[in-house]
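Here the structure is laid out as structure tokens; the discussion comes afterwards.
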Amino acid sequence: AELPAETILVDALLGTGSNGAPHHAYATAIEIMNDSGLPVLALDMPSGIDADTGCAEGVAVSASVTITFVAQKRGLYTADAPDFTGEIVYDSLGAEEVPPFEDYEVTLLDAEWLLEEGLPMRPRTAHKGLFGHVMVIGGDRGMGGAVLLAAEAAARCGAGLTSAATQPEHVAAVLARRPEIMANGVTSGQALEPLLEKPTVLVIGPGLGRSAWSEQMLQQATLSGLPLVMDADALNMLAEGRVVREPRRDNWVLTPHPAEAARLLNITTADVQRDRFAAVRALQQRYGGVAILKGAGTLICGRNGDIGVCTEGNPGMASGGMGDVLAGRSEEHTSELQSPVVI
């Protein structure tokens with residue numbers, strides 16, 4: 001039957017305990033709601049979305065608004081869920097001292113909290129020597145833009161000093177665009193080694209490539225003992241079990257997207273996305289330090305196993321170079337190995 005245009009549909013088909021793809025009458029009802037063109041209010045979770053993982057294994061309600069009760073469900077914020085939830089509204093129903101999620105080990109992060117709590121105020125007498133020296137290593141031939149983007153992000157994030165180690169032909173471009181970055185052309189690991197005496201934290205991976213030069217860069221970076229942010233091909237070489245002598249350490253941050261995470265865990269990308277919470281915790285347990293699983297609803301797992309869910313970001317970030325910028329920004333707390341700020 002045709003419904004009036006002012007009709008609002010309420011999705012209360014399935015509860016938080018449901019899992020797997022909806023079947024039979026449930027699937028039909030979901031398809032009718034989605035095809036109606038009418039606004040849909042989902043109660044607790046859009047039917048068809050797993051409350052624990054955020055996955056949609058079959059059809060799922062595409063809600064205009066989701067109102068969730070008592071405790072926020074972690075599956076609302078990651079995997080497939082952001083495409084189905086619409087605006088999320090939380091109501092405690094009068095319950096007191098309810099954790100942010102049903103899982104006490106998962107915390108919801110947002111920009112306001114990160115800016116107020118994650119970034120401490122600087123003293124009026126501050127100088128550049130108080131805020132570390134970030135060196136970004138990468139930019140093999142043809143990929144100089146990646147190391148520049150990461151170094152620029154580190155500088156703009158507030159690093160006291162920022163330097164870059166890259167192929168010599170990229171130095172002029174780095175200086176022309178961002179002269180405050182101390183750009184060094186290095187042709188080998190031997191040339192990089194003396195430069196590692198000054199930085200307090202390294203970012204390695206942006207545009208690193210997979211050449212012999214790339215392997216020498218990674219080998220020297222990991223042998224330095226400095227805190228590391230590992231991204232891109234640095235992660236792929238780590239997954240291969242070569243070059244990196246100590247594949248588990250406490251003073252690094254791994255920043256894989258789902259495909260890189262799959263290589264690190266020797267599973268498929270689909271396996272990672274099927275349970276992103278389990279995947280990021282497995283990464284941290286296997287490799288140590290802090291693991292950041294990028295994607296819609298980025299997950300951050302610290303050494304104590306607790307997970308932060310970052311709800312910021314937008315589809316405009318789905319473009320080349322964005323990961324390099326995030327790698328540069330992730331260095332903010334790496335020297336103290338707190339969970340990095342990821343916005």
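Note on naming: chains are A, B, ... as they come in the structure tokens, residues start from 1 per chain, ligands start from 1 in the order shown.
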
With 10 Å as the cut-off and only C-alpha atoms counted, what is the closest atom pair between each nearby residue of region 56-138 of chain A and region 2-13 of chain A? Distances in Å to one decimal, ordered by chain and number, as CSV.
residue,atom,partner,partner_atom,distance
A:Val61,CA,A:Asp11,CA,7.6
A:Ser62,CA,A:Asp11,CA,9.7
A:Ala63,CA,A:Asp11,CA,8.2
A:Ser64,CA,A:Ile8,CA,9.8
A:Val65,CA,A:Val10,CA,9.8
A:Thr66,CA,A:Asp11,CA,9.1

Quiz prompt | Separation of CA of Gly209 (chain A) from CA of Thr166 (chain A) in Å | solution =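 Distance between the two atoms: 11.3 Å.
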
Exercise. Would you return as a ChimeraX atom specification the members of region 168-337 of chain A that DSSP assigns to alpha helix (DSSP H) on this structure's backbone?
Key: /A:171-177,189-192,212-223,233-240,258-265,269-274,276-287,322-329

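Distances here use only C-alpha atoms; by that measure, the residue among A:Ala259, A:Ile137, A:Cys301, A:Leu14 closest to Asp271 (chain A) is A:Ala259.
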
Self-check item: All strand (DSSP E) residues (DSSP, backbone) inside region 92-145 of chain A, as a PyMOL selection string
Solution: chain A and resi 106-109+133-137

Name all residues at most 7 Å from region 89-91 of chain A (count only C-alpha atoms; drop same-chain ones fewer than 4 positions away) and give them as a tab-separated table (two decimals) with N, CA, C and O atoms, in the first residue's frame.
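Result file follows (around_34.tsv):
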chain	number	residue	atom	x	y	z
A	66	THR	N	19.47	6.74	13.72
A	66	THR	CA	19.50	5.59	14.61
A	66	THR	C	19.55	6.10	16.04
A	66	THR	O	20.44	6.89	16.38
A	67	ILE	N	18.61	5.70	16.86
A	67	ILE	CA	18.65	6.05	18.27
A	67	ILE	C	19.02	4.80	19.04
A	67	ILE	O	18.38	3.75	18.91
A	68	THR	N	20.10	4.89	19.80
A	68	THR	CA	20.61	3.72	20.52
A	68	THR	C	20.48	3.97	22.01
A	68	THR	O	20.64	5.09	22.48
A	69	PHE	N	20.19	2.92	22.77
A	69	PHE	CA	19.77	3.05	24.16
A	69	PHE	C	20.76	2.45	25.14
A	69	PHE	O	21.46	1.50	24.83
A	70	VAL	N	20.78	3.01	26.34
A	70	VAL	CA	21.50	2.52	27.53
A	70	VAL	C	23.02	2.60	27.34
A	70	VAL	O	23.70	3.25	28.11
A	72	GLN	N	26.14	2.87	24.10
A	72	GLN	CA	26.41	2.95	22.67
A	72	GLN	C	27.06	1.65	22.22
A	72	GLN	O	27.93	1.12	22.90

Practice problem: Tell me which of A:Leu238, A:Leu326, A:Ala279, A:Ala71 sits closest to Thr16 (chain A), counting only C-alpha atoms. | Solution: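 Of all the options, A:Ala71 lies closest to Thr16 (chain A).
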
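For the atom pair formed by CA of Arg281 (chain A) and CA of Gly225 (chain A), the distance is 23.8 Å, given to one decimal.
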
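When only C-alpha atoms are used to measure the gap to Gln220 (chain A), the shortest distance among A:Leu202, A:Ala262, A:Ala270, A:Ala232 belongs to A:Leu202.
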
Can you pull out the residues contacting Val174 (chain A)? Cut-off 10 Å, using only C-alpha atoms, and skip same-chain residues under 2 positions away; I want them as a PDB file with N, CA, C and O atoms, in the first residue's frame.
ATOM      1  N   GLY A 144      58.295  10.842  -4.478  1.00  0.00           N
ATOM      2  CA  GLY A 144      58.758  11.883  -3.568  1.00  0.00           C
ATOM      3  C   GLY A 144      57.642  12.651  -2.902  1.00  0.00           C
ATOM      4  O   GLY A 144      57.836  13.205  -1.808  1.00  0.00           O
ATOM      5  N   GLY A 145      56.469  12.709  -3.510  1.00  0.00           N
ATOM      6  CA  GLY A 145      55.356  13.457  -2.925  1.00  0.00           C
ATOM      7  C   GLY A 145      54.900  12.877  -1.604  1.00  0.00           C
ATOM      8  O   GLY A 145      54.461  13.610  -0.714  1.00  0.00           O
ATOM      9  N   VAL A 147      56.672  11.395   0.868  1.00  0.00           N
ATOM     10  CA  VAL A 147      57.496  11.808   2.005  1.00  0.00           C
ATOM     11  C   VAL A 147      57.273  13.283   2.315  1.00  0.00           C
ATOM     12  O   VAL A 147      57.291  13.708   3.475  1.00  0.00           O
ATOM     13  N   LEU A 148      57.031  14.092   1.280  1.00  0.00           N
ATOM     14  CA  LEU A 148      56.758  15.513   1.494  1.00  0.00           C
ATOM     15  C   LEU A 148      55.443  15.709   2.240  1.00  0.00           C
ATOM     16  O   LEU A 148      55.359  16.507   3.190  1.00  0.00           O
ATOM     17  N   LEU A 149      54.393  14.994   1.851  1.00  0.00           N
ATOM     18  CA  LEU A 149      53.102  15.117   2.528  1.00  0.00           C
ATOM     19  C   LEU A 149      53.199  14.730   3.999  1.00  0.00           C
ATOM     20  O   LEU A 149      52.645  15.403   4.872  1.00  0.00           O
ATOM     21  N   ALA A 151      55.945  14.702   5.923  1.00  0.00           N
ATOM     22  CA  ALA A 151      56.777  15.659   6.654  1.00  0.00           C
ATOM     23  C   ALA A 151      56.026  16.963   6.883  1.00  0.00           C
ATOM     24  O   ALA A 151      56.100  17.558   7.963  1.00  0.00           O
ATOM     25  N   GLU A 152      55.289  17.414   5.880  1.00  0.00           N
ATOM     26  CA  GLU A 152      54.505  18.638   6.036  1.00  0.00           C
ATOM     27  C   GLU A 152      53.448  18.470   7.123  1.00  0.00           C
ATOM     28  O   GLU A 152      53.229  19.369   7.946  1.00  0.00           O
ATOM     29  N   ALA A 164      63.541  15.290   6.596  1.00  0.00           N
ATOM     30  CA  ALA A 164      63.163  14.225   5.674  1.00  0.00           C
ATOM     31  C   ALA A 164      64.424  13.595   5.112  1.00  0.00           C
ATOM     32  O   ALA A 164      65.404  14.291   4.828  1.00  0.00           O
ATOM     33  N   THR A 166      65.325  11.206   1.900  1.00  0.00           N
ATOM     34  CA  THR A 166      64.674  10.746   0.680  1.00  0.00           C
ATOM     35  C   THR A 166      65.710  10.635  -0.431  1.00  0.00           C
ATOM     36  O   THR A 166      66.898  10.938  -0.230  1.00  0.00           O
ATOM     37  N   GLU A 169      67.056  13.350  -5.661  1.00  0.00           N
ATOM     38  CA  GLU A 169      66.330  14.154  -6.654  1.00  0.00           C
ATOM     39  C   GLU A 169      65.059  14.788  -6.111  1.00  0.00           C
ATOM     40  O   GLU A 169      64.470  15.656  -6.762  1.00  0.00           O
ATOM     41  N   HIS A 170      64.618  14.397  -4.918  1.00  0.00           N
ATOM     42  CA  HIS A 170      63.397  14.968  -4.352  1.00  0.00           C
ATOM     43  C   HIS A 170      63.658  16.144  -3.414  1.00  0.00           C
ATOM     44  O   HIS A 170      62.723  16.825  -3.006  1.00  0.00           O
ATOM     45  N   VAL A 171      64.916  16.377  -3.079  1.00  0.00           N
ATOM     46  CA  VAL A 171      65.238  17.402  -2.083  1.00  0.00           C
ATOM     47  C   VAL A 171      64.792  18.780  -2.526  1.00  0.00           C
ATOM     48  O   VAL A 171      64.202  19.546  -1.740  1.00  0.00           O
ATOM     49  N   ALA A 172      65.048  19.139  -3.778  1.00  0.00           N
ATOM     50  CA  ALA A 172      64.700  20.485  -4.256  1.00  0.00           C
ATOM     51  C   ALA A 172      63.198  20.732  -4.154  1.00  0.00           C
ATOM     52  O   ALA A 172      62.764  21.830  -3.770  1.00  0.00           O
ATOM     53  N   ALA A 176      61.393  23.617  -1.902  1.00  0.00           N
ATOM     54  CA  ALA A 176      60.609  24.637  -2.599  1.00  0.00           C
ATOM     55  C   ALA A 176      59.216  24.766  -2.009  1.00  0.00           C
ATOM     56  O   ALA A 176      58.675  25.871  -1.901  1.00  0.00           O
ATOM     57  N   ARG A 177      58.642  23.655  -1.626  1.00  0.00           N
ATOM     58  CA  ARG A 177      57.280  23.700  -1.082  1.00  0.00           C
ATOM     59  C   ARG A 177      57.257  24.012   0.408  1.00  0.00           C
ATOM     60  O   ARG A 177      56.394  24.726   0.898  1.00  0.00           O
ATOM     61  N   ARG A 178      58.197  23.449   1.177  1.00  0.00           N
ATOM     62  CA  ARG A 178      58.148  23.597   2.620  1.00  0.00           C
ATOM     63  C   ARG A 178      59.573  23.799   3.139  1.00  0.00           C
ATOM     64  O   ARG A 178      60.218  22.881   3.609  1.00  0.00           O
ATOM     65  N   PRO A 179      60.083  25.039   3.058  1.00  0.00           N
ATOM     66  CA  PRO A 179      61.500  25.274   3.376  1.00  0.00           C
ATOM     67  C   PRO A 179      61.879  24.999   4.819  1.00  0.00           C
ATOM     68  O   PRO A 179      63.067  24.830   5.123  1.00  0.00           O
ATOM     69  N   GLU A 180      60.904  24.943   5.740  1.00  0.00           N
ATOM     70  CA  GLU A 180      61.250  24.663   7.140  1.00  0.00           C
ATOM     71  C   GLU A 180      61.614  23.205   7.375  1.00  0.00           C
ATOM     72  O   GLU A 180      62.119  22.845   8.448  1.00  0.00           O
ATOM     73  N   ILE A 181      61.340  22.324   6.389  1.00  0.00           N
ATOM     74  CA  ILE A 181      61.730  20.918   6.509  1.00  0.00           C
ATOM     75  C   ILE A 181      63.194  20.770   6.115  1.00  0.00           C
ATOM     76  O   ILE A 181      63.617  21.224   5.048  1.00  0.00           O
ATOM     77  N   MET A 182      63.973  20.135   6.961  1.00  0.00           N
ATOM     78  CA  MET A 182      65.388  19.890   6.675  1.00  0.00           C
ATOM     79  C   MET A 182      65.484  18.637   5.807  1.00  0.00           C
ATOM     80  O   MET A 182      65.370  17.504   6.302  1.00  0.00           O
ATOM     81  N   ALA A 183      65.640  18.831   4.516  1.00  0.00           N
ATOM     82  CA  ALA A 183      65.610  17.728   3.557  1.00  0.00           C
ATOM     83  C   ALA A 183      67.013  17.205   3.293  1.00  0.00           C
ATOM     84  O   ALA A 183      67.943  17.972   3.017  1.00  0.00           O
ATOM     85  N   ASN A 184      67.162  15.891   3.385  1.00  0.00           N
ATOM     86  CA  ASN A 184      68.447  15.236   3.176  1.00  0.00           C
ATOM     87  C   ASN A 184      68.332  14.211   2.054  1.00  0.00           C
ATOM     88  O   ASN A 184      67.438  13.346   2.087  1.00  0.00           O
TER      89      ASN A 184
END

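CA of Ala60 (chain A) sits 8.5 Å away from CA of Asn34 (chain A).
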